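I have placed the structure first, in the form of C-alpha cells, so that the comments after it can refer back to it.
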Amino acid sequence: MTSPAATLSWSSSSWLHSLGGCSNEAPESSDRRSAMVVIAQKKAKKTRKIILKEDTDYLGKKGQLLDVKAGYYRNYLLPMGKAQIVTPVLLKEMRMEEERIEAEKKRVKEEAQQLALMFETVGAFKVKRKGGKGKLIFGSVTAQDLVDIIKAQLQREVDKRIVVLPEIRETGEYIAELKLHPEVTARVRLNVFAN
C-alpha cells in the first residue's frame, strides 16, 4: 500500500502527460516535486470539570460534578457564581462534607429509633372524653390531644404534623403512628374512655 505522500507526489512532466501534453519528453528525477500532505483535524473540545455551588436549571444540583464547555463556564457560570473549577483540595473538602452529612443523618436516625422504642414501651396513653350514648364520645381525639398527653407524661416535644391518627369518635383502643423519621415510625396505643 502506498502512502498518501507517494500518491500525491507528481512531477510537472507527468502532470503534463496526463493532460495530453507532449509525450517525447522523458521525466527527469531532479524535477520531481512532492506535495505536502495536510491532514485536517477537528477542533479539540475544550471542557472544564466543575462543581456546582447552587442548583442550576437544566444543569444539575448543588455539589454535583460536571463537565461543561469552557466558554459556558467562563461566560455564564463563573460570573454568576454558580460554579467553580474542581481542584484536588476542593474534592477533599467535598468528601469531608459528605461524610459529615452522612454521620449527621445516621445520628438523627438513631435518635428517632431510640425515641420510637421509648414511645412503644410506654404502653397505652389514656385519653378521657365526655361520654355520649353507648360508646360514643363528644368531639373526637385529635393529633394535638396526643401531643399534649405525650408532653405531660414524657416531657417530650412532638410536632403534631408527624402524628397520624385514625378517626376516633368512640371509646376503645386505637393505634396512632408517629413519623419520627422517613425510615422510622413509632406505633403508639391510645385507650379512649368516657368520664
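Going through the C-alpha cells in order, the chains are called A, B, and so on, while each chain numbers its residues from 1 and the ligands are numbered from 1 in the order shown.
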
Residues near stretch 127-138 of chain A, cut-off 7 Å, only C-alpha atoms, skip fewer than 5 positions along chain, as a PyMOL selection string
chain A and resi 169-171+190-195

Write down as an NGL selection string the residues of stretch 28-95 of chain A whose backbone DSSP state falls under helix (DSSP H, G or I).
:A and (29-31 or 70-80 or 88-95)

Spatial neighbours of A:Arg187, 12 Å, only C-alpha atoms, chain gap at least 6 places, as a list in words:
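The contact residues come out as Gln113, Leu115, Ala116, Leu117, Met118, Phe119, Glu120, Thr121, Val122, Gly123, Ala124, Phe125, Ile162, Val163, Val164, Leu165, Tyr174, Ile175, Ala176, Glu177, Leu178, Lys179 and Leu180 of chain A.
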
Dump of N, CA and C atoms for the selected residues, as a tab-separated table (two decimals), in the first residue's frame:
```tsv
chain	number	residue	atom	x	y	z
A	113	GLN	N	-34.94	6.26	66.26
A	113	GLN	CA	-35.19	4.87	66.64
A	113	GLN	C	-35.29	4.72	68.16
A	115	LEU	N	-36.21	7.09	70.27
A	115	LEU	CA	-37.47	7.73	70.66
A	115	LEU	C	-38.66	6.82	70.35
A	116	ALA	N	-38.61	6.15	69.20
A	116	ALA	CA	-39.69	5.22	68.82
A	116	ALA	C	-39.77	4.07	69.81
A	117	LEU	N	-38.61	3.56	70.21
A	117	LEU	CA	-38.58	2.47	71.19
A	117	LEU	C	-39.18	2.93	72.52
A	118	MET	N	-38.85	4.16	72.92
A	118	MET	CA	-39.39	4.71	74.16
A	118	MET	C	-40.91	4.84	74.07
A	119	PHE	N	-41.42	5.36	72.96
A	119	PHE	CA	-42.88	5.52	72.81
A	119	PHE	C	-43.59	4.17	72.82
A	120	GLU	N	-42.99	3.17	72.20
A	120	GLU	CA	-43.64	1.87	72.10
A	120	GLU	C	-43.60	1.10	73.41
A	121	THR	N	-42.61	1.38	74.27
A	121	THR	CA	-42.52	0.66	75.54
A	121	THR	C	-43.34	1.31	76.65
A	122	VAL	N	-43.83	2.52	76.43
A	122	VAL	CA	-44.61	3.21	77.45
A	122	VAL	C	-45.90	2.46	77.76
A	123	GLY	N	-46.45	1.82	76.80
A	123	GLY	CA	-47.76	1.19	76.99
A	123	GLY	C	-48.78	2.05	76.28
A	124	ALA	N	-49.96	2.13	76.86
A	124	ALA	CA	-51.03	2.89	76.22
A	124	ALA	C	-51.19	4.24	76.91
A	125	PHE	N	-51.40	5.27	76.09
A	125	PHE	CA	-51.71	6.60	76.63
A	125	PHE	C	-53.21	6.64	76.86
A	162	ILE	N	-46.48	15.24	62.63
A	162	ILE	CA	-45.95	13.89	62.42
A	162	ILE	C	-46.90	12.81	62.94
A	163	VAL	N	-48.00	13.23	63.56
A	163	VAL	CA	-48.95	12.28	64.15
A	163	VAL	C	-50.00	11.88	63.11
A	164	VAL	N	-50.20	10.57	62.97
A	164	VAL	CA	-51.23	10.04	62.08
A	164	VAL	C	-52.20	9.25	62.95
A	165	LEU	N	-53.42	9.77	63.03
A	165	LEU	CA	-54.46	9.15	63.87
A	165	LEU	C	-55.62	8.66	63.01
A	174	TYR	N	-56.97	2.32	70.26
A	174	TYR	CA	-56.58	2.71	68.90
A	174	TYR	C	-55.06	2.74	68.78
A	175	ILE	N	-54.59	2.66	67.57
A	175	ILE	CA	-53.15	2.75	67.29
A	175	ILE	C	-52.90	4.04	66.51
A	176	ALA	N	-51.97	4.85	67.02
A	176	ALA	CA	-51.54	6.08	66.33
A	176	ALA	C	-50.10	5.88	65.87
A	177	GLU	N	-49.77	6.53	64.78
A	177	GLU	CA	-48.40	6.44	64.27
A	177	GLU	C	-47.74	7.80	64.37
A	178	LEU	N	-46.48	7.78	64.79
A	178	LEU	CA	-45.66	9.00	64.84
A	178	LEU	C	-44.53	8.81	63.84
A	179	LYS	N	-44.52	9.62	62.79
A	179	LYS	CA	-43.47	9.52	61.77
A	179	LYS	C	-42.29	10.38	62.23
A	180	LEU	N	-41.40	9.75	62.98
A	180	LEU	CA	-40.26	10.45	63.57
A	180	LEU	C	-39.14	10.71	62.57
```

Quick one: contact table of stretch 66-176 of chain A to stretch 41-50 of chain A, 6 Å max, nearest atom pair and distance in Å to one decimal per residue, counting only C-alpha atoms, chain and number order, as JSON lines?
```
{"residue": "A:Leu66", "atom": "CA", "partner": "A:Ile50", "partner_atom": "CA", "distance": 5.4}
{"residue": "A:Asp67", "atom": "CA", "partner": "A:Lys49", "partner_atom": "CA", "distance": 4.5}
{"residue": "A:Val68", "atom": "CA", "partner": "A:Thr47", "partner_atom": "CA", "distance": 5.3}
{"residue": "A:Lys69", "atom": "CA", "partner": "A:Thr47", "partner_atom": "CA", "distance": 4.2}
{"residue": "A:Ala70", "atom": "CA", "partner": "A:Thr47", "partner_atom": "CA", "distance": 4.9}
{"residue": "A:Gln84", "atom": "CA", "partner": "A:Ile50", "partner_atom": "CA", "distance": 5.5}
{"residue": "A:Ile85", "atom": "CA", "partner": "A:Ile50", "partner_atom": "CA", "distance": 4.4}
{"residue": "A:Val86", "atom": "CA", "partner": "A:Ile50", "partner_atom": "CA", "distance": 5.0}
```

For the structure I just gave you, how does DSSP split stretch 54-99 of chain A - specifically, which residues are strand (DSSP E or B)? Reply as a list of chain:residue names.
A:Thr56, A:Gly60, A:Leu65, A:Leu66, A:Asp67, A:Val68, A:Lys69, A:Ala83, A:Gln84, A:Ile85

Rank A:Ile39, A:Gly172, A:Lys92, A:Thr56 by their smallest atom-to-atom distance to A:Tyr76, using only C-alpha atoms, and report the top residue only.
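Looking at the shortest contact to A:Tyr76, the residue is A:Thr56.
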
Nearest-residue call for A:Gly81, choices A:Ile101, A:Leu65, A:Leu52, A:Met36, using only C-alpha atoms
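Among the listed residues, A:Leu52 lies closest to A:Gly81.
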
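Reported to one decimal place, the separation of atom CA of A:Thr185 from atom CA of A:Lys61 is 29.4 Å.
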
Find the residues around A:Lys62 up to 7 Å (only C-alpha atoms counted), leave out those fewer than 6 positions away in its own chain, and share them as a list in words.
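Once the nearby chain positions are removed, what remains is Leu52, Lys53, Glu54 and Asp55 of chain A.
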
Given the selection you just returned, output its residues as a file containing N, CA, C and O atoms, formatted as a compact mmCIF listing (two decimals), in the first residue's frame.
```
# COMPACT_ATOMS: atom_id res chain seq x y z
N LEU A 52 -20.93 22.48 40.96
CA LEU A 52 -21.98 23.50 41.09
C LEU A 52 -22.07 23.99 42.53
O LEU A 52 -22.10 23.19 43.46
N LYS A 53 -22.14 25.30 42.69
CA LYS A 53 -22.28 25.90 44.02
C LYS A 53 -23.76 26.04 44.41
O LYS A 53 -24.07 26.24 45.58
N GLU A 54 -24.65 25.97 43.44
CA GLU A 54 -26.09 26.08 43.70
C GLU A 54 -26.84 25.31 42.63
O GLU A 54 -26.29 24.97 41.59
N ASP A 55 -28.12 25.04 42.89
CA ASP A 55 -28.95 24.35 41.90
C ASP A 55 -29.07 25.24 40.67
O ASP A 55 -29.31 26.44 40.77
```

Set the distance at 7 Å and use only C-alpha atoms: which residues neighbour A:Val158 once local chain neighbours fewer than 2 positions away are removed? I'd like the list as number ranges by chain.
A: 147, 156, 160

Looking at A:Ala103, A:Ile168, A:Val188, A:Ala35, which one is nearest to A:Ile150, with distances taken over only C-alpha atoms?
A:Val188

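Put simply, atom CA of A:Gln155 is 23.2 Å away from atom CA of A:Pro182.
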
Between atom CA of A:Ala143 and atom CA of A:Lys106, what distance in Å does the model show, to one decimal?
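Distance reported for this atom pair: 27.7 Å.
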